[in-house]
>>> print(open('final-v4.pdb').read())   # PDB, C-alpha atoms, pLDDT in the B column
MODEL        1
ATOM      1  CA  GLY X   1      86.036 100.016 104.636  1.00 53.00           C
ATOM      2  CA  LEU X   2      89.235  98.020 104.634  1.00 57.00           C
ATOM      3  CA  VAL X   3      89.040  94.617 106.237  1.00 64.00           C
ATOM      4  CA  GLY X   4      91.187  93.575 109.219  1.00 72.00           C
ATOM      5  CA  SER X   5      94.623  92.175 108.526  1.00 81.00           C
ATOM      6  CA  GLU X   6      93.854  88.681 109.890  1.00 84.00           C
ATOM      7  CA  MET X   7      91.061  88.032 107.415  1.00 83.00           C
ATOM      8  CA  CYS X   8      93.090  89.721 104.717  1.00 87.00           C
ATOM      9  CA  LYS X   9      96.067  87.391 105.278  1.00 91.00           C
ATOM     10  CA  GLU X  10      93.825  84.338 105.283  1.00 92.00           C
ATOM     11  CA  THR X  11      92.032  85.323 102.108  1.00 93.00           C
ATOM     12  CA  GLU X  12      95.288  86.254 100.388  1.00 95.00           C
ATOM     13  CA  ALA X  13      96.719  82.829 101.239  1.00 96.00           C
ATOM     14  CA  GLU X  14      93.572  81.252  99.835  1.00 96.00           C
ATOM     15  CA  VAL X  15      93.819  83.140  96.541  1.00 96.00           C
ATOM     16  CA  LYS X  16      97.540  82.295  96.310  1.00 97.00           C
ATOM     17  CA  ALA X  17      96.567  78.638  96.677  1.00 97.00           C
ATOM     18  CA  TYR X  18      94.082  78.976  93.792  1.00 96.00           C
ATOM     19  CA  LEU X  19      96.820  80.451  91.608  1.00 96.00           C
ATOM     20  CA  ASP X  20      99.126  77.582  92.566  1.00 96.00           C
ATOM     21  CA  GLN X  21      96.425  75.073  91.614  1.00 95.00           C
ATOM     22  CA  ILE X  22      95.933  76.758  88.246  1.00 94.00           C
ATOM     23  CA  ASP X  23      99.662  77.146  87.571  1.00 95.00           C
ATOM     24  CA  PRO X  24     102.633  77.615  89.953  1.00 95.00           C
ATOM     25  CA  LYS X  25     104.094  80.103  87.441  1.00 94.00           C
ATOM     26  CA  LEU X  26     101.354  82.595  88.339  1.00 95.00           C
ATOM     27  CA  SER X  27     101.914  84.970  91.219  1.00 95.00           C
ATOM     28  CA  MET X  28     100.134  87.927  92.735  1.00 95.00           C
ATOM     29  CA  HIS X  29     100.800  91.166  94.586  1.00 93.00           C
ATOM     30  CA  ASP X  30      99.113  94.290  95.983  1.00 94.00           C
ATOM     31  CA  PHE X  31      96.329  92.271  97.603  1.00 95.00           C
ATOM     32  CA  ARG X  32      93.658  94.181  99.480  1.00 93.00           C
ATOM     33  CA  ILE X  33      90.073  93.694 100.542  1.00 93.00           C
ATOM     34  CA  VAL X  34      87.489  96.454 100.456  1.00 92.00           C
ATOM     35  CA  LYS X  35      84.095  95.776 101.984  1.00 89.00           C
ATOM     36  CA  GLY X  36      81.154  97.350 100.206  1.00 85.00           C
ATOM     37  CA  LEU X  37      77.483  97.370 101.178  1.00 87.00           C
ATOM     38  CA  THR X  38      76.407  94.396  99.080  1.00 88.00           C
ATOM     39  CA  HIS X  39      79.658  92.578  98.427  1.00 88.00           C
ATOM     40  CA  THR X  40      83.331  92.488  99.286  1.00 92.00           C
ATOM     41  CA  ASN X  41      85.939  93.452  96.703  1.00 96.00           C
ATOM     42  CA  LEU X  42      89.190  91.522  96.522  1.00 96.00           C
ATOM     43  CA  ILE X  43      91.608  93.740  94.644  1.00 96.00           C
ATOM     44  CA  PHE X  44      94.927  92.378  93.431  1.00 97.00           C
ATOM     45  CA  ASP X  45      97.337  92.006  90.537  1.00 96.00           C
ATOM     46  CA  ILE X  46      98.213  88.684  88.947  1.00 97.00           C
ATOM     47  CA  VAL X  47     101.602  88.352  87.331  1.00 95.00           C
ATOM     48  CA  VAL X  48     101.455  86.186  84.206  1.00 94.00           C
ATOM     49  CA  PRO X  49     104.605  84.980  82.410  1.00 91.00           C
ATOM     50  CA  TYR X  50     105.236  86.929  79.223  1.00 87.00           C
ATOM     51  CA  ASP X  51     104.808  83.959  76.862  1.00 87.00           C
ATOM     52  CA  TYR X  52     102.018  82.310  78.830  1.00 92.00           C
ATOM     53  CA  PRO X  53      99.781  80.174  76.546  1.00 94.00           C
ATOM     54  CA  VAL X  54      96.508  81.051  78.314  1.00 95.00           C
ATOM     55  CA  SER X  55      94.825  84.406  77.710  1.00 95.00           C
ATOM     56  CA  ASP X  56      94.755  86.948  80.549  1.00 94.00           C
ATOM     57  CA  GLN X  57      90.963  86.822  80.537  1.00 96.00           C
ATOM     58  CA  ASP X  58      90.962  83.036  81.016  1.00 96.00           C
ATOM     59  CA  VAL X  59      93.360  83.321  83.943  1.00 96.00           C
ATOM     60  CA  VAL X  60      91.170  86.001  85.525  1.00 97.00           C
ATOM     61  CA  ASP X  61      88.031  83.914  84.924  1.00 97.00           C
ATOM     62  CA  SER X  62      89.564  80.808  86.513  1.00 96.00           C
ATOM     63  CA  VAL X  63      90.610  82.684  89.634  1.00 97.00           C
ATOM     64  CA  THR X  64      87.277  84.524  89.860  1.00 97.00           C
ATOM     65  CA  LYS X  65      85.307  81.263  89.568  1.00 97.00           C
ATOM     66  CA  ARG X  66      87.273  79.664  92.393  1.00 96.00           C
ATOM     67  CA  ILE X  67      86.818  82.679  94.657  1.00 95.00           C
ATOM     68  CA  GLN X  68      83.083  82.892  94.002  1.00 94.00           C
ATOM     69  CA  MET X  69      82.534  79.172  94.526  1.00 95.00           C
ATOM     70  CA  ASN X  70      83.774  79.571  98.090  1.00 92.00           C
ATOM     71  CA  HIS X  71      82.691  83.164  98.702  1.00 92.00           C
ATOM     72  CA  PRO X  72      79.614  84.102  96.647  1.00 93.00           C
ATOM     73  CA  ASP X  73      79.664  87.626  98.107  1.00 91.00           C
ATOM     74  CA  PHE X  74      83.281  88.296  97.100  1.00 94.00           C
ATOM     75  CA  TYR X  75      83.929  90.174  93.894  1.00 94.00           C
ATOM     76  CA  ALA X  76      87.410  89.975  92.366  1.00 95.00           C
ATOM     77  CA  VAL X  77      88.915  93.079  90.802  1.00 96.00           C
ATOM     78  CA  ILE X  78      92.023  91.784  89.057  1.00 97.00           C
ATOM     79  CA  ASP X  79      94.747  93.516  87.091  1.00 96.00           C
ATOM     80  CA  VAL X  80      97.077  91.365  85.006  1.00 96.00           C
ATOM     81  CA  ASP X  81     100.773  92.218  84.789  1.00 92.00           C
ATOM     82  CA  LYS X  82     102.942  90.622  82.164  1.00 86.00           C
ATOM     83  CA  ALA X  83     106.195  89.426  83.674  1.00 79.00           C
ATOM     84  CA  VAL X  84     108.963  90.199  81.234  1.00 71.00           C
ATOM     85  CA  VAL X  85     111.421  87.346  81.074  1.00 63.00           C
ATOM     86  CA  GLN X  86     114.833  88.632  82.128  1.00 59.00           C
TER      87      GLN X  86
ENDMDL
END
>>> encode(input="final-v4.pdb", output="structure tokens")
Amino acid sequence: GLVGSEMCKETEAEVKAYLDQIDPKLSMHDFRIVKGLTHTNLIFDIVVPYDYPVSDQDVVDSVTKRIQMNHPDFYAVIDVDKAVVQ
């Protein structure tokens, strides 16, 4: 089931910090945590600048690695949005 809002806020802040470490241009939204039997899913979207030099997959891998280093039982389900430059 869905995880309590306290833990959710904490974990969201943590993931935001990872994104900041990788690149302050990256942002995220629609963060939620769903607890399964064997692992916990972190589900969120990452917004990547339209002309970003790093591939979406590399961004996802970097974030996933950081999450799993600290939380081996967390599984990241990440969608990448391209931010269109206005």
>>> resolve_selection(input="final-v4.pdb", expression="the PyMOL selection byres ((chain X and resi 63) around 12)", output="NGL selection string")
:X and (14-23 or 26-28 or 42 or 44-46 or 56-62 or 64-70 or 74-80)
>>> write_last_selection(input="final-v4.pdb", atoms="C-alpha atoms", output="mmCIF file, in the frame of the given file")
data_model
loop_
_atom_site.group_PDB
_atom_site.id
_atom_site.type_symbol
_atom_site.label_atom_id
_atom_site.label_comp_id
_atom_site.auth_asym_id
_atom_site.auth_seq_id
_atom_site.Cartn_x
_atom_site.Cartn_y
_atom_site.Cartn_z
ATOM 1 C CA GLU X 14 93.572 81.252 99.835
ATOM 2 C CA VAL X 15 93.819 83.140 96.541
ATOM 3 C CA LYS X 16 97.540 82.295 96.310
ATOM 4 C CA ALA X 17 96.567 78.638 96.677
ATOM 5 C CA TYR X 18 94.082 78.976 93.792
ATOM 6 C CA LEU X 19 96.820 80.451 91.608
ATOM 7 C CA ASP X 20 99.126 77.582 92.566
ATOM 8 C CA GLN X 21 96.425 75.073 91.614
ATOM 9 C CA ILE X 22 95.933 76.758 88.246
ATOM 10 C CA ASP X 23 99.662 77.146 87.571
ATOM 11 C CA LEU X 26 101.354 82.595 88.339
ATOM 12 C CA SER X 27 101.914 84.970 91.219
ATOM 13 C CA MET X 28 100.134 87.927 92.735
ATOM 14 C CA LEU X 42 89.190 91.522 96.522
ATOM 15 C CA PHE X 44 94.927 92.378 93.431
ATOM 16 C CA ASP X 45 97.337 92.006 90.537
ATOM 17 C CA ILE X 46 98.213 88.684 88.947
ATOM 18 C CA ASP X 56 94.755 86.948 80.549
ATOM 19 C CA GLN X 57 90.963 86.822 80.537
ATOM 20 C CA ASP X 58 90.962 83.036 81.016
ATOM 21 C CA VAL X 59 93.360 83.321 83.943
ATOM 22 C CA VAL X 60 91.170 86.001 85.525
ATOM 23 C CA ASP X 61 88.031 83.914 84.924
ATOM 24 C CA SER X 62 89.564 80.808 86.513
ATOM 25 C CA THR X 64 87.277 84.524 89.860
ATOM 26 C CA LYS X 65 85.307 81.263 89.568
ATOM 27 C CA ARG X 66 87.273 79.664 92.393
ATOM 28 C CA ILE X 67 86.818 82.679 94.657
ATOM 29 C CA GLN X 68 83.083 82.892 94.002
ATOM 30 C CA MET X 69 82.534 79.172 94.526
ATOM 31 C CA ASN X 70 83.774 79.571 98.090
ATOM 32 C CA PHE X 74 83.281 88.296 97.100
ATOM 33 C CA TYR X 75 83.929 90.174 93.894
ATOM 34 C CA ALA X 76 87.410 89.975 92.366
ATOM 35 C CA VAL X 77 88.915 93.079 90.802
ATOM 36 C CA ILE X 78 92.023 91.784 89.057
ATOM 37 C CA ASP X 79 94.747 93.516 87.091
ATOM 38 C CA VAL X 80 97.077 91.365 85.006
#
>>> residues_around(input="final-v4.pdb", residues="Lys82 (chain X)", least_positions_apart="6", cutoff="7 Å", atoms="only C-alpha atoms", output="NGL selection string")
:X and (47-50)
>>> closest_residue(input="final-v4.pdb", among="X:Val54, X:Gly4, X:Pro72, X:Ala83", to="Lys35 (chain X)", atoms="all atoms listed in the file")
X:Gly4
>>> atom_distance(input="final-v4.pdb", atom1="CA of Arg32 (chain X)", atom2="CA of Glu12 (chain X)")
8.1 Å
>>> atom_distance(input="final-v4.pdb", atom1="CA of Asp51 (chain X)", atom2="CA of Lys25 (chain X)")
11.3 Å
>>> atom_distance(input="final-v4.pdb", atom1="CA of Asp81 (chain X)", atom2="CA of Glu6 (chain X)")
26.3 Å
>>> closest_residue(input="final-v4.pdb", among="X:Phe31, X:Ser5, X:Thr11, X:Gly36", to="His71 (chain X)", atoms="only C-alpha atoms")
X:Thr11
>>> closest_residue(input="final-v4.pdb", among="X:Val84, X:Pro53, X:Leu37, X:Asp30", to="Lys9 (chain X)", atoms="all atoms listed in the file")
X:Asp30
>>> decode(input="final-v4.pdb", residues="region 15-46 of chain X", atoms="C-alpha atoms", output="PDB file, in the first residue's frame")
ATOM      1  CA  VAL X  15      15.868  11.928  -4.103  1.00  0.00           C
ATOM      2  CA  LYS X  16      15.701  15.673  -4.848  1.00  0.00           C
ATOM      3  CA  ALA X  17      19.115  15.988  -3.204  1.00  0.00           C
ATOM      4  CA  TYR X  18      20.495  13.233  -5.465  1.00  0.00           C
ATOM      5  CA  LEU X  19      19.198  15.090  -8.517  1.00  0.00           C
ATOM      6  CA  ASP X  20      20.812  18.293  -7.251  1.00  0.00           C
ATOM      7  CA  GLN X  21      24.125  16.469  -6.814  1.00  0.00           C
ATOM      8  CA  ILE X  22      23.927  15.095 -10.349  1.00  0.00           C
ATOM      9  CA  ASP X  23      22.809  18.400 -11.879  1.00  0.00           C
ATOM     10  CA  PRO X  24      20.750  21.295 -10.430  1.00  0.00           C
ATOM     11  CA  LYS X  25      19.005  21.588 -13.822  1.00  0.00           C
ATOM     12  CA  LEU X  26      17.196  18.300 -13.158  1.00  0.00           C
ATOM     13  CA  SER X  27      13.906  18.364 -11.309  1.00  0.00           C
ATOM     14  CA  MET X  28      11.204  15.893 -10.412  1.00  0.00           C
ATOM     15  CA  HIS X  29       7.471  15.665  -9.802  1.00  0.00           C
ATOM     16  CA  ASP X  30       4.635  13.214  -9.086  1.00  0.00           C
ATOM     17  CA  PHE X  31       6.630  11.431  -6.386  1.00  0.00           C
ATOM     18  CA  ARG X  32       4.981   8.502  -4.650  1.00  0.00           C
ATOM     19  CA  ILE X  33       6.013   5.407  -2.761  1.00  0.00           C
ATOM     20  CA  VAL X  34       4.267   2.073  -3.125  1.00  0.00           C
ATOM     21  CA  LYS X  35       5.256  -0.730  -0.785  1.00  0.00           C
ATOM     22  CA  GLY X  36       5.263  -4.197  -2.292  1.00  0.00           C
ATOM     23  CA  LEU X  37       5.897  -7.548  -0.620  1.00  0.00           C
ATOM     24  CA  THR X  38       9.590  -7.817  -1.452  1.00  0.00           C
ATOM     25  CA  HIS X  39      10.570  -4.242  -2.199  1.00  0.00           C
ATOM     26  CA  THR X  40       9.357  -0.669  -2.147  1.00  0.00           C
ATOM     27  CA  ASN X  41       8.694   1.188  -5.388  1.00  0.00           C
ATOM     28  CA  LEU X  42       9.609   4.851  -5.662  1.00  0.00           C
ATOM     29  CA  ILE X  43       7.625   6.199  -8.586  1.00  0.00           C
ATOM     30  CA  PHE X  44       8.375   9.629 -10.004  1.00  0.00           C
ATOM     31  CA  ASP X  45       9.073  11.703 -13.093  1.00  0.00           C
ATOM     32  CA  ILE X  46      12.372  13.434 -13.758  1.00  0.00           C
TER      33      ILE X  46
END
